[in-house]
file structure03.cif (mmCIF, C-alpha atoms)
data_run
#
loop_
_atom_site.group_PDB
_atom_site.id
_atom_site.type_symbol
_atom_site.label_atom_id
_atom_site.label_comp_id
_atom_site.auth_asym_id
_atom_site.auth_seq_id
_atom_site.Cartn_x
_atom_site.Cartn_y
_atom_site.Cartn_z
ATOM 1 C CA MET A 156 35.123 -15.361 -8.684
ATOM 2 C CA THR A 157 36.847 -18.551 -9.780
ATOM 3 C CA VAL A 158 35.005 -21.838 -10.221
ATOM 4 C CA THR A 159 36.854 -23.256 -7.213
ATOM 5 C CA ARG A 160 35.851 -20.317 -5.036
ATOM 6 C CA THR A 161 32.243 -20.595 -6.223
ATOM 7 C CA LEU A 162 32.146 -24.272 -5.243
ATOM 8 C CA GLN A 163 33.723 -23.525 -1.868
ATOM 9 C CA THR A 164 31.163 -20.793 -1.224
ATOM 10 C CA ALA A 165 28.298 -23.071 -2.209
ATOM 11 C CA GLY A 166 29.646 -25.814 0.028
ATOM 12 C CA ALA A 167 29.867 -23.470 3.001
ATOM 13 C CA ALA A 168 26.353 -22.205 2.327
ATOM 14 C CA GLY A 169 25.088 -25.756 2.086
ATOM 15 C CA ARG A 170 26.629 -26.707 5.415
ATOM 16 C CA THR A 171 25.205 -23.537 6.972
ATOM 17 C CA LEU A 172 21.744 -24.576 5.823
ATOM 18 C CA LEU A 173 22.276 -28.100 7.128
ATOM 19 C CA GLY A 174 23.248 -26.720 10.495
ATOM 20 C CA ALA A 175 20.078 -24.642 10.531
ATOM 21 C CA ALA A 176 17.934 -27.618 9.555
ATOM 22 C CA LEU A 177 19.675 -29.886 12.069
ATOM 23 C CA GLY A 178 19.202 -27.352 14.837
ATOM 24 C CA PHE A 179 15.557 -26.531 14.272
ATOM 25 C CA GLY A 180 12.599 -28.825 14.863
ATOM 26 C CA LEU A 181 10.387 -26.481 12.858
ATOM 27 C CA ALA A 182 11.984 -27.936 9.713
ATOM 28 C CA ALA A 183 10.182 -31.211 10.352
ATOM 29 C CA ALA A 184 6.911 -29.419 11.037
ATOM 30 C CA VAL A 185 7.177 -27.659 7.669
ATOM 31 C CA ALA A 186 8.036 -30.926 5.923
ATOM 32 C CA PHE A 187 4.704 -32.447 6.958
ATOM 33 C CA GLN A 188 2.778 -29.926 4.824
ATOM 34 C CA PRO A 189 2.975 -29.538 1.018
ATOM 35 C CA ALA A 190 4.874 -26.325 0.363
ATOM 36 C CA GLN A 191 2.227 -24.837 -1.919
ATOM 37 C CA ALA A 192 -0.399 -24.969 0.814
ATOM 38 C CA PHE A 193 1.334 -22.362 2.946
ATOM 39 C CA ALA A 194 0.669 -19.535 0.517
ATOM 40 C CA GLN A 195 -3.052 -20.237 0.423
ATOM 41 C CA ALA A 196 -5.777 -19.694 2.982
ATOM 42 C CA VAL A 197 -6.490 -23.410 3.243
ATOM 43 C CA GLU A 198 -7.236 -25.719 6.113
ATOM 44 C CA ALA A 199 -4.194 -27.629 7.267
ATOM 45 C CA ALA A 200 -4.004 -31.302 6.499
ATOM 46 C CA PRO A 201 -4.688 -33.505 9.525
ATOM 47 C CA ALA A 202 -1.682 -34.761 11.423
ATOM 48 C CA PRO A 203 -0.607 -38.180 10.154
ATOM 49 C CA VAL A 204 -1.129 -41.135 12.433
ATOM 50 C CA VAL A 205 2.271 -42.681 13.128
ATOM 51 C CA ALA A 206 2.519 -46.131 14.655
ATOM 52 C CA ALA A 207 5.395 -47.076 16.928
ATOM 53 C CA ARG A 208 7.934 -49.021 14.887
ATOM 54 C CA ALA A 209 11.435 -50.384 14.874
ATOM 55 C CA VAL A 210 14.228 -48.742 12.886
ATOM 56 C CA PRO A 211 17.191 -50.439 11.191
ATOM 57 C CA GLN A 212 19.967 -51.167 13.659
ATOM 58 C CA ALA A 213 23.078 -49.014 13.330
ATOM 59 C CA GLU A 214 26.458 -50.573 12.720
ATOM 60 C CA GLY A 215 28.742 -50.114 15.690
ATOM 61 C CA ALA A 216 27.662 -47.944 18.610
ATOM 62 C CA GLY A 217 25.224 -45.766 16.645
ATOM 63 C CA PRO A 218 24.356 -42.123 17.380
ATOM 64 C CA ALA A 219 25.891 -40.384 20.375
ATOM 65 C CA LEU A 220 24.144 -40.359 23.741
ATOM 66 C CA TRP A 221 25.068 -38.407 26.873
ATOM 67 C CA VAL A 222 23.909 -38.642 30.485
ATOM 68 C CA ILE A 223 23.798 -36.294 33.478
ATOM 69 C CA ARG A 224 23.253 -37.761 36.945
ATOM 70 C CA ASP A 225 22.835 -36.540 40.474
ATOM 71 C CA ALA A 226 21.664 -38.295 43.627
ATOM 72 C CA ASP A 227 18.085 -38.837 42.432
ATOM 73 C CA SER A 228 17.997 -37.845 38.740
ATOM 74 C CA THR A 229 19.192 -39.276 35.442
ATOM 75 C CA LEU A 230 18.915 -37.109 32.317
ATOM 76 C CA TYR A 231 19.806 -38.447 28.877
ATOM 77 C CA LEU A 232 20.706 -36.133 25.974
ATOM 78 C CA PHE A 233 20.230 -37.520 22.467
ATOM 79 C CA GLY A 234 20.895 -35.662 19.218
ATOM 80 C CA THR A 235 18.382 -36.132 16.415
ATOM 81 C CA VAL A 236 17.854 -35.591 12.707
ATOM 82 C CA HIS A 237 14.376 -34.250 12.014
ATOM 83 C CA VAL A 238 13.869 -35.921 8.613
ATOM 84 C CA LEU A 239 15.471 -39.211 7.548
ATOM 85 C CA ARG A 240 15.262 -41.836 4.865
ATOM 86 C CA PRO A 241 13.221 -44.837 6.111
ATOM 87 C CA THR A 242 16.289 -47.021 5.476
ATOM 88 C CA THR A 243 18.656 -44.991 7.679
ATOM 89 C CA ALA A 244 20.182 -47.327 10.273
ATOM 90 C CA TRP A 245 20.240 -45.561 13.625
ATOM 91 C CA GLY A 246 18.707 -48.083 16.016
ATOM 92 C CA SER A 247 20.792 -48.615 19.156
ATOM 93 C CA PRO A 248 20.314 -50.841 22.227
ATOM 94 C CA ARG A 249 21.899 -48.088 24.352
ATOM 95 C CA VAL A 250 19.401 -45.499 23.152
ATOM 96 C CA ASP A 251 16.496 -47.929 23.448
ATOM 97 C CA ALA A 252 17.444 -48.780 27.027
ATOM 98 C CA ALA A 253 17.777 -45.114 27.985
ATOM 99 C CA PHE A 254 14.461 -44.261 26.329
ATOM 100 C CA ASP A 255 12.648 -47.195 27.936
ATOM 101 C CA SER A 256 13.939 -46.248 31.387
ATOM 102 C CA ALA A 257 12.662 -42.664 31.160
ATOM 103 C CA ASP A 258 9.670 -41.354 33.097
ATOM 104 C CA GLN A 259 9.331 -38.370 30.722
ATOM 105 C CA ILE A 260 10.310 -37.625 27.119
ATOM 106 C CA TRP A 261 11.279 -34.091 26.097
ATOM 107 C CA PHE A 262 11.642 -32.784 22.524
ATOM 108 C CA GLU A 263 12.381 -29.349 21.086
ATOM 109 C CA ILE A 264 8.659 -29.056 20.453
ATOM 110 C CA SER A 265 6.108 -31.597 21.620
ATOM 111 C CA ASN A 266 3.887 -31.369 18.532
ATOM 112 C CA PRO A 267 5.877 -31.004 15.270
ATOM 113 C CA ASP A 268 3.061 -32.751 13.397
ATOM 114 C CA ASP A 269 0.358 -30.323 14.587
ATOM 115 C CA GLN A 270 -0.498 -28.547 11.353
ATOM 116 C CA ALA A 271 -3.545 -26.872 12.910
ATOM 117 C CA ALA A 272 -1.183 -25.025 15.250
ATOM 118 C CA LEU A 273 1.401 -24.262 12.562
ATOM 119 C CA MET A 274 -0.725 -22.923 9.711
ATOM 120 C CA PRO A 275 -2.100 -19.780 11.448
ATOM 121 C CA LEU A 276 1.426 -18.873 12.571
ATOM 122 C CA ILE A 277 2.732 -19.195 9.014
ATOM 123 C CA GLN A 278 -0.131 -17.142 7.649
ATOM 124 C CA GLN A 279 0.660 -14.424 10.213
ATOM 125 C CA HIS A 280 4.463 -14.430 10.228
ATOM 126 C CA GLY A 281 5.575 -16.183 7.035
ATOM 127 C CA ILE A 282 3.420 -14.605 4.328
ATOM 128 C CA SER A 283 3.755 -10.982 3.211
ATOM 129 C CA PRO A 284 1.916 -10.091 -0.049
ATOM 130 C CA ALA A 285 2.534 -6.383 0.593
ATOM 131 C CA ARG A 286 6.319 -6.886 0.552
ATOM 132 C CA PRO A 287 6.978 -9.636 -1.996
ATOM 133 C CA LEU A 288 10.343 -11.262 -2.493
ATOM 134 C CA SER A 289 10.472 -9.785 -5.997
ATOM 135 C CA SER A 290 10.840 -6.361 -4.356
ATOM 136 C CA LEU A 291 13.807 -7.574 -2.282
ATOM 137 C CA LEU A 292 15.775 -9.805 -4.662
ATOM 138 C CA THR A 293 17.343 -9.167 -8.055
ATOM 139 C CA ALA A 294 15.680 -10.456 -11.202
ATOM 140 C CA GLU A 295 18.391 -13.111 -11.490
ATOM 141 C CA GLU A 296 17.821 -14.237 -7.915
ATOM 142 C CA MET A 297 14.070 -14.418 -8.466
ATOM 143 C CA THR A 298 14.561 -16.560 -11.560
ATOM 144 C CA ALA A 299 16.662 -18.985 -9.542
ATOM 145 C CA LEU A 300 14.209 -18.909 -6.645
ATOM 146 C CA ASN A 301 11.204 -19.631 -8.858
ATOM 147 C CA ALA A 302 13.052 -22.539 -10.448
ATOM 148 C CA LEU A 303 13.753 -24.026 -7.028
ATOM 149 C CA ALA A 304 10.168 -23.463 -5.960
ATOM 150 C CA ALA A 305 8.917 -25.241 -9.090
ATOM 151 C CA SER A 306 11.106 -28.238 -8.262
ATOM 152 C CA ALA A 307 9.402 -28.299 -4.849
ATOM 153 C CA GLY A 308 6.006 -28.495 -6.529
ATOM 154 C CA MET A 309 4.980 -24.870 -6.156
ATOM 155 C CA PRO A 310 3.208 -23.045 -9.028
ATOM 156 C CA ALA A 311 5.165 -20.266 -10.729
ATOM 157 C CA GLY A 312 5.295 -17.075 -8.698
ATOM 158 C CA GLN A 313 3.613 -18.474 -5.606
ATOM 159 C CA ILE A 314 6.708 -18.218 -3.422
ATOM 160 C CA ASP A 315 6.830 -14.471 -4.084
ATOM 161 C CA VAL A 316 4.513 -13.821 -1.129
ATOM 162 C CA PHE A 317 6.730 -15.689 1.348
ATOM 163 C CA ARG A 318 8.853 -13.730 3.789
ATOM 164 C CA PRO A 319 12.561 -14.470 3.238
ATOM 165 C CA TRP A 320 12.984 -16.629 6.369
ATOM 166 C CA PHE A 321 10.051 -18.822 5.431
ATOM 167 C CA ALA A 322 11.037 -19.192 1.785
ATOM 168 C CA GLY A 323 14.476 -20.295 2.969
ATOM 169 C CA LEU A 324 13.077 -22.790 5.467
ATOM 170 C CA VAL A 325 10.589 -24.365 3.027
ATOM 171 C CA LEU A 326 13.124 -24.678 0.240
ATOM 172 C CA SER A 327 15.868 -25.951 2.551
ATOM 173 C CA VAL A 328 13.640 -28.954 3.286
ATOM 174 C CA ALA A 329 12.685 -29.586 -0.348
ATOM 175 C CA PRO A 330 15.925 -31.251 -1.592
ATOM 176 C CA SER A 331 15.824 -33.810 1.206
ATOM 177 C CA LEU A 332 12.200 -34.691 0.476
ATOM 178 C CA ARG A 333 13.001 -35.142 -3.211
ATOM 179 C CA ALA A 334 15.862 -37.461 -2.217
ATOM 180 C CA GLY A 335 13.613 -39.742 -0.185
ATOM 181 C CA TYR A 336 13.941 -38.165 3.244
ATOM 182 C CA ASP A 337 10.676 -38.231 5.159
ATOM 183 C CA PRO A 338 9.462 -36.482 8.347
ATOM 184 C CA LEU A 339 7.582 -39.684 9.239
ATOM 185 C CA SER A 340 10.990 -41.364 9.540
ATOM 186 C CA GLY A 341 12.531 -38.492 11.507
ATOM 187 C CA VAL A 342 13.832 -39.352 14.953
ATOM 188 C CA GLU A 343 11.318 -37.233 16.865
ATOM 189 C CA THR A 344 8.389 -38.707 14.963
ATOM 190 C CA VAL A 345 9.539 -42.259 15.667
ATOM 191 C CA LEU A 346 10.300 -41.590 19.340
ATOM 192 C CA LYS A 347 7.069 -39.650 19.863
ATOM 193 C CA ALA A 348 5.069 -42.625 18.570
ATOM 194 C CA ARG A 349 6.988 -44.928 20.918
ATOM 195 C CA ALA A 350 6.368 -42.622 23.862
ATOM 196 C CA GLU A 351 2.659 -42.440 23.131
ATOM 197 C CA ALA A 352 2.428 -46.224 22.774
ATOM 198 C CA ALA A 353 4.169 -46.632 26.140
ATOM 199 C CA GLY A 354 2.079 -43.952 27.839
ATOM 200 C CA LYS A 355 5.093 -41.767 28.609
ATOM 201 C CA PRO A 356 4.434 -38.023 29.194
ATOM 202 C CA ILE A 357 5.785 -35.832 26.356
ATOM 203 C CA GLN A 358 7.052 -32.298 26.952
ATOM 204 C CA GLY A 359 8.577 -29.557 24.786
ATOM 205 C CA LEU A 360 11.509 -27.285 25.560
ATOM 206 C CA GLU A 361 9.892 -24.770 23.225
ATOM 207 C CA THR A 362 6.624 -24.232 21.377
ATOM 208 C CA ILE A 363 5.943 -23.995 17.657
ATOM 209 C CA ASP A 364 5.071 -20.317 17.995
ATOM 210 C CA LYS A 365 8.386 -19.627 19.762
ATOM 211 C CA GLN A 366 10.336 -21.361 16.988
ATOM 212 C CA VAL A 367 8.450 -19.400 14.326
ATOM 213 C CA GLY A 368 9.174 -16.225 16.278
ATOM 214 C CA ILE A 369 12.925 -16.909 16.350
ATOM 215 C CA LEU A 370 13.175 -16.951 12.551
ATOM 216 C CA ALA A 371 10.487 -14.354 11.884
ATOM 217 C CA GLY A 372 12.175 -12.039 14.389
ATOM 218 C CA MET A 373 15.470 -11.916 12.505
ATOM 219 C CA SER A 374 16.206 -8.707 10.645
ATOM 220 C CA GLU A 375 15.155 -8.639 7.012
ATOM 221 C CA ALA A 376 18.814 -8.395 5.993
ATOM 222 C CA ASP A 377 19.640 -11.583 7.919
ATOM 223 C CA GLN A 378 16.600 -13.351 6.503
ATOM 224 C CA LEU A 379 17.746 -12.451 2.991
ATOM 225 C CA SER A 380 21.250 -13.730 3.735
ATOM 226 C CA PHE A 381 19.729 -17.032 4.808
ATOM 227 C CA LEU A 382 17.653 -17.221 1.623
ATOM 228 C CA ARG A 383 20.569 -16.292 -0.638
ATOM 229 C CA SER A 384 22.712 -19.010 0.930
ATOM 230 C CA LEU A 385 20.029 -21.451 -0.156
ATOM 231 C CA LEU A 386 20.274 -20.265 -3.751
ATOM 232 C CA GLU A 387 24.016 -20.966 -3.685
ATOM 233 C CA ALA A 388 23.734 -24.367 -2.043
ATOM 234 C CA TRP A 389 20.683 -26.056 -3.528
ATOM 235 C CA GLU A 390 22.417 -28.471 -5.905
ATOM 236 C CA ASP A 391 24.807 -29.797 -3.257
ATOM 237 C CA ALA A 392 22.316 -29.948 -0.407
ATOM 238 C CA THR A 393 21.477 -33.650 -0.607
ATOM 239 C CA VAL A 394 25.129 -34.721 -0.844
ATOM 240 C CA GLU A 395 25.962 -32.675 2.234
ATOM 241 C CA LEU A 396 22.892 -33.983 4.062
ATOM 242 C CA ASP A 397 23.876 -37.591 3.369
ATOM 243 C CA ARG A 398 27.348 -36.888 4.726
ATOM 244 C CA MET A 399 25.914 -35.242 7.821
ATOM 245 C CA VAL A 400 23.475 -38.093 8.497
ATOM 246 C CA GLY A 401 26.331 -40.570 8.118
ATOM 247 C CA ALA A 402 28.336 -38.720 10.766
ATOM 248 C CA TRP A 403 25.352 -38.566 13.110
ATOM 249 C CA ALA A 404 24.372 -42.235 12.667
ATOM 250 C CA THR A 405 27.893 -43.440 13.494
ATOM 251 C CA GLY A 406 28.344 -41.131 16.492
ATOM 252 C CA ASP A 407 31.090 -39.061 14.834
ATOM 253 C CA VAL A 408 30.433 -35.869 16.776
ATOM 254 C CA ALA A 409 33.647 -34.183 15.586
ATOM 255 C CA LEU A 410 32.639 -34.548 11.925
ATOM 256 C CA LEU A 411 29.082 -33.493 12.737
ATOM 257 C CA GLU A 412 30.459 -30.354 14.382
ATOM 258 C CA GLU A 413 32.560 -29.610 11.301
ATOM 259 C CA ILE A 414 29.633 -30.071 8.903
ATOM 260 C CA ALA A 415 26.705 -28.622 10.810
ATOM 261 C CA VAL A 416 28.103 -26.182 13.365
ATOM 262 C CA ASP A 417 31.472 -24.696 12.399
ATOM 263 C CA GLU A 418 30.355 -23.371 9.010
ATOM 264 C CA MET A 419 27.249 -21.794 10.494
ATOM 265 C CA GLN A 420 29.343 -20.080 13.124
ATOM 266 C CA SER A 421 31.767 -18.650 10.579
ATOM 267 C CA GLU A 422 29.481 -18.040 7.593
ATOM 268 C CA ALA A 423 26.207 -17.059 9.313
ATOM 269 C CA PRO A 424 26.892 -15.845 12.860
ATOM 270 C CA PHE A 425 23.392 -14.355 13.088
ATOM 271 C CA LEU A 426 21.909 -17.837 12.559
ATOM 272 C CA TYR A 427 24.423 -19.434 14.892
ATOM 273 C CA GLU A 428 23.524 -17.060 17.693
ATOM 274 C CA ALA A 429 19.762 -17.245 17.125
ATOM 275 C CA LEU A 430 19.379 -20.955 16.417
ATOM 276 C CA LEU A 431 22.055 -22.461 18.646
ATOM 277 C CA VAL A 432 23.695 -20.271 21.297
ATOM 278 C CA ARG A 433 20.658 -18.554 22.807
ATOM 279 C CA ARG A 434 18.502 -21.676 22.663
ATOM 280 C CA ASN A 435 21.222 -23.940 24.057
ATOM 281 C CA THR A 436 21.583 -21.550 26.984
ATOM 282 C CA ASP A 437 17.844 -21.582 27.615
ATOM 283 C CA TRP A 438 17.730 -25.383 27.448
ATOM 284 C CA ALA A 439 20.668 -25.680 29.833
ATOM 285 C CA ASN A 440 18.654 -23.565 32.284
ATOM 286 C CA GLN A 441 15.687 -25.924 31.906
ATOM 287 C CA ILE A 442 17.881 -28.984 32.354
ATOM 288 C CA GLN A 443 19.285 -27.598 35.585
ATOM 289 C CA THR A 444 15.714 -27.126 36.790
ATOM 290 C CA MET A 445 14.923 -30.753 35.854
ATOM 291 C CA LEU A 446 17.878 -31.896 37.981
ATOM 292 C CA GLU A 447 16.267 -30.275 41.013
ATOM 293 C CA GLY A 448 13.549 -32.927 40.752
ATOM 294 C CA SER A 449 13.908 -36.679 40.607
ATOM 295 C CA GLY A 450 13.475 -39.518 38.129
ATOM 296 C CA THR A 451 14.726 -40.288 34.624
ATOM 297 C CA ILE A 452 14.199 -37.975 31.639
ATOM 298 C CA PHE A 453 15.110 -38.575 27.992
ATOM 299 C CA ILE A 454 15.762 -35.341 26.041
ATOM 300 C CA ALA A 455 15.946 -35.506 22.230
ATOM 301 C CA VAL A 456 16.930 -32.356 20.310
ATOM 302 C CA GLY A 457 18.517 -31.530 16.977
ATOM 303 C CA ALA A 458 22.053 -32.932 16.873
ATOM 304 C CA ALA A 459 23.608 -29.526 16.145
ATOM 305 C CA HIS A 460 22.691 -28.494 19.686
ATOM 306 C CA LEU A 461 24.941 -31.227 21.086
ATOM 307 C CA ALA A 462 28.078 -30.437 19.088
ATOM 308 C CA GLY A 463 30.642 -27.666 19.358
ATOM 309 C CA ASP A 464 31.952 -25.225 21.929
ATOM 310 C CA ASP A 465 28.498 -23.737 22.604
ATOM 311 C CA SER A 466 26.682 -27.065 22.864
ATOM 312 C CA VAL A 467 24.246 -27.791 25.665
ATOM 313 C CA GLN A 468 26.805 -30.127 27.257
ATOM 314 C CA GLU A 469 29.580 -27.504 27.200
ATOM 315 C CA ILE A 470 27.309 -24.907 28.807
ATOM 316 C CA LEU A 471 26.327 -27.348 31.539
ATOM 317 C CA GLU A 472 29.937 -28.387 32.170
ATOM 318 C CA ASP A 473 30.955 -24.721 32.389
ATOM 319 C CA ARG A 474 28.402 -24.474 35.203
ATOM 320 C CA GLY A 475 30.024 -27.341 37.086
ATOM 321 C CA LEU A 476 27.873 -30.279 35.998
ATOM 322 C CA THR A 477 29.340 -33.554 34.727
ATOM 323 C CA VAL A 478 28.046 -34.680 31.329
ATOM 324 C CA THR A 479 29.237 -38.153 30.304
ATOM 325 C CA ARG A 480 29.020 -39.772 26.912
ATOM 326 C CA GLU A 481 27.465 -43.219 27.260
#

call {"tool": "encode", "arguments": {"input": "structure03.cif", "output": "structure tokens"}}
result
Amino acid sequence: MTVTRTLQTAGAAGRTLLGAALGFGLAAAVAFQPAQAFAQAVEAAPAPVVAARAVPQAEGAGPALWVIRDADSTLYLFGTVHVLRPTTAWGSPRVDAAFDSADQIWFEISNPDDQAALMPLIQQHGISPARPLSSLLTAEEMTALNALAASAGMPAGQIDVFRPWFAGLVLSVAPSLRAGYDPLSGVETVLKARAEAAGKPIQGLETIDKQVGILAGMSEADQLSFLRSLLEAWEDATVELDRMVGAWATGDVALLEEIAVDEMQSEAPFLYEALLVRRNTDWANQIQTMLEGSGTIFIAVGAAHLAGDDSVQEILEDRGLTVTRE
């Protein structure tokens, strides 16, 4: 393989991982907990207390926002990034007005900071001492994996007991945390604090255990493909993430689709189907049920779900609904 081809492969793998991270709220839940704690039978750290706060105002229009209306309902769709640098400028009067007008706030999961709920699920579905990674990967791959784990603050060999899906998820978050990204600055965390301060009801389209089950339920071969893509992409992950966040923060949905969705669809169709297509379809069903009621609802989900041919908006429009970008 030529150097050019190696770089192209790593870039595609990196964008595949970014699409997975951008489409999965569980990434933020994992980021709240030090990676080394997951391999130990320890009590989860308490959820951090997050105060409602302002964020830097975006230049121009800011992130994209869509709306669906019928005679007595208004539903806003807002794409999010689950971990962000505190300095990321994404504040928007349009988004603030939509959020403030809402009677209910819906996220992918209502409690991404609930470590007490997450830790037992990880112990059950993410840890496998009887089938260690060293029995599934080559010696060269294990050397690379242990080096990445060490850079994430994990003692040598500790990641060996992780199942492939969980090792990939934990280590996909690590480069962003090293680069100053923070789950406390993630969009859901900020909006959840605002909703709580305003007394707005908070709902989840899914639960933490369902999100764990999606990844844990993949075949071992697909889990290993996900993990191996991480090994190829680690060094470029932060550069790609910065580019993706820039596209999101400026409302460039076409570039976001190219970075976070298209590569996943072509390079990891198993992830694309599991993380985006099936879940987008389920959420479209829930949104149609919401429209049968009345009032205003603000729905915030990973931005990858609102980009591409299989986005939530496209599914709804295929069913005859009108989805308008604000």

call {"tool": "closest_residue", "arguments": {"input": "structure03.cif", "among": "A:Ala213, A:Ala455, A:Leu300, A:Val367", "to": "Ala272 in chain A", "atoms": "only C-alpha atoms"}}
result
A:Val367

call {"tool": "closest_atom_pairs", "arguments": {"input": "structure03.cif", "of": "range 296-375 of chain A", "to": "range 264-268 of chain A", "cutoff": "10 Å", "atoms": "all atoms listed in the file", "output": "Markdown table"}}
result
| residue | atom | partner | partner_atom | distance |
| --- | --- | --- | --- | --- |
| A:Pro338 | CA | A:Asp268 | CA | 9.0 |
| A:Leu339 | CA | A:Asp268 | CA | 9.3 |
| A:Glu343 | CA | A:Pro267 | CA | 8.4 |
| A:Thr344 | CA | A:Pro267 | CA | 8.1 |
| A:Lys347 | CA | A:Ser265 | CA | 8.3 |
| A:Ile357 | CA | A:Ser265 | CA | 6.4 |
| A:Gln358 | CA | A:Ser265 | CA | 5.5 |
| A:Gly359 | CA | A:Ile264 | CA | 4.4 |
| A:Leu360 | CA | A:Ile264 | CA | 6.1 |
| A:Glu361 | CA | A:Ile264 | CA | 5.3 |
| A:Thr362 | CA | A:Ile264 | CA | 5.3 |
| A:Ile363 | CA | A:Ile264 | CA | 6.4 |
| A:Asp364 | CA | A:Ile264 | CA | 9.8 |
| A:Lys365 | CA | A:Ile264 | CA | 9.5 |
| A:Gln366 | CA | A:Ile264 | CA | 8.6 |

call {"tool": "atom_distance", "arguments": {"input": "structure03.cif", "atom1": "CA of Val316 in chain A", "atom2": "CA of Ile282 in chain A"}}
result
5.6 Å

call {"tool": "residues_around", "arguments": {"input": "structure03.cif", "residues": "Trp403 in chain A", "least_positions_apart": "5", "cutoff": "9 Å", "atoms": "all atoms listed in the file", "output": "PDB file with C-alpha atoms, keeping the file's coordinate frame"}}
result
ATOM      1  CA  GLY A 217      25.224 -45.766  16.645  1.00  0.00           C
ATOM      2  CA  PRO A 218      24.356 -42.123  17.380  1.00  0.00           C
ATOM      3  CA  ALA A 219      25.891 -40.384  20.375  1.00  0.00           C
ATOM      4  CA  GLY A 234      20.895 -35.662  19.218  1.00  0.00           C
ATOM      5  CA  THR A 235      18.382 -36.132  16.415  1.00  0.00           C
ATOM      6  CA  VAL A 236      17.854 -35.591  12.707  1.00  0.00           C
ATOM      7  CA  TRP A 245      20.240 -45.561  13.625  1.00  0.00           C
ATOM      8  CA  ARG A 398      27.348 -36.888   4.726  1.00  0.00           C
ATOM      9  CA  VAL A 408      30.433 -35.869  16.776  1.00  0.00           C
ATOM     10  CA  LEU A 410      32.639 -34.548  11.925  1.00  0.00           C
ATOM     11  CA  LEU A 411      29.082 -33.493  12.737  1.00  0.00           C
ATOM     12  CA  ALA A 458      22.053 -32.932  16.873  1.00  0.00           C
TER      13      ALA A 458
END

call {"tool": "resolve_selection", "arguments": {"input": "structure03.cif", "expression": "the PyMOL selection byres ((chain A and resi 413) around 12)", "output": "MDAnalysis selection string"}}
result
chainID A and resid 167 170:171 173:174 395 398:399 402:403 407:412 414:421 459 462:464

call {"tool": "atom_distance", "arguments": {"input": "structure03.cif", "atom1": "CA of Thr477 in chain A", "atom2": "CA of Ala253 in chain A"}}
result
17.7 Å

call {"tool": "residues_near_point", "arguments": {"input": "structure03.cif", "point": "(10.7, -42.4, 11.4)", "cutoff": "9 Å", "atoms": "only C-alpha atoms", "output": "JSON, numbers by chain"}}
result
{"A": [205, 207, 208, 209, 210, 237, 238, 239, 240, 241, 337, 338, 339, 340, 341, 342, 343, 344, 345, 346]}

call {"tool": "resolve_selection", "arguments": {"input": "structure03.cif", "expression": "the PyMOL selection byres ((chain A and resi 311) around 12)", "output": "list in words"}}
result
Gln191, Met297, Thr298, Ala299, Leu300, Asn301, Ala302, Leu303, Ala304, Ala305, Ser306, Ala307, Gly308, Met309, Pro310, Gly312, Gln313, Ile314, Asp315 and Val316 of chain A

call {"tool": "resolve_selection", "arguments": {"input": "structure03.cif", "expression": "the PyMOL selection byres ((chain A and resi 382) around 8)", "output": "list in words"}}
result
Pro319, Trp320, Ala322, Gly323, Gln378, Leu379, Ser380, Phe381, Arg383, Ser384, Leu385 and Leu386 of chain A
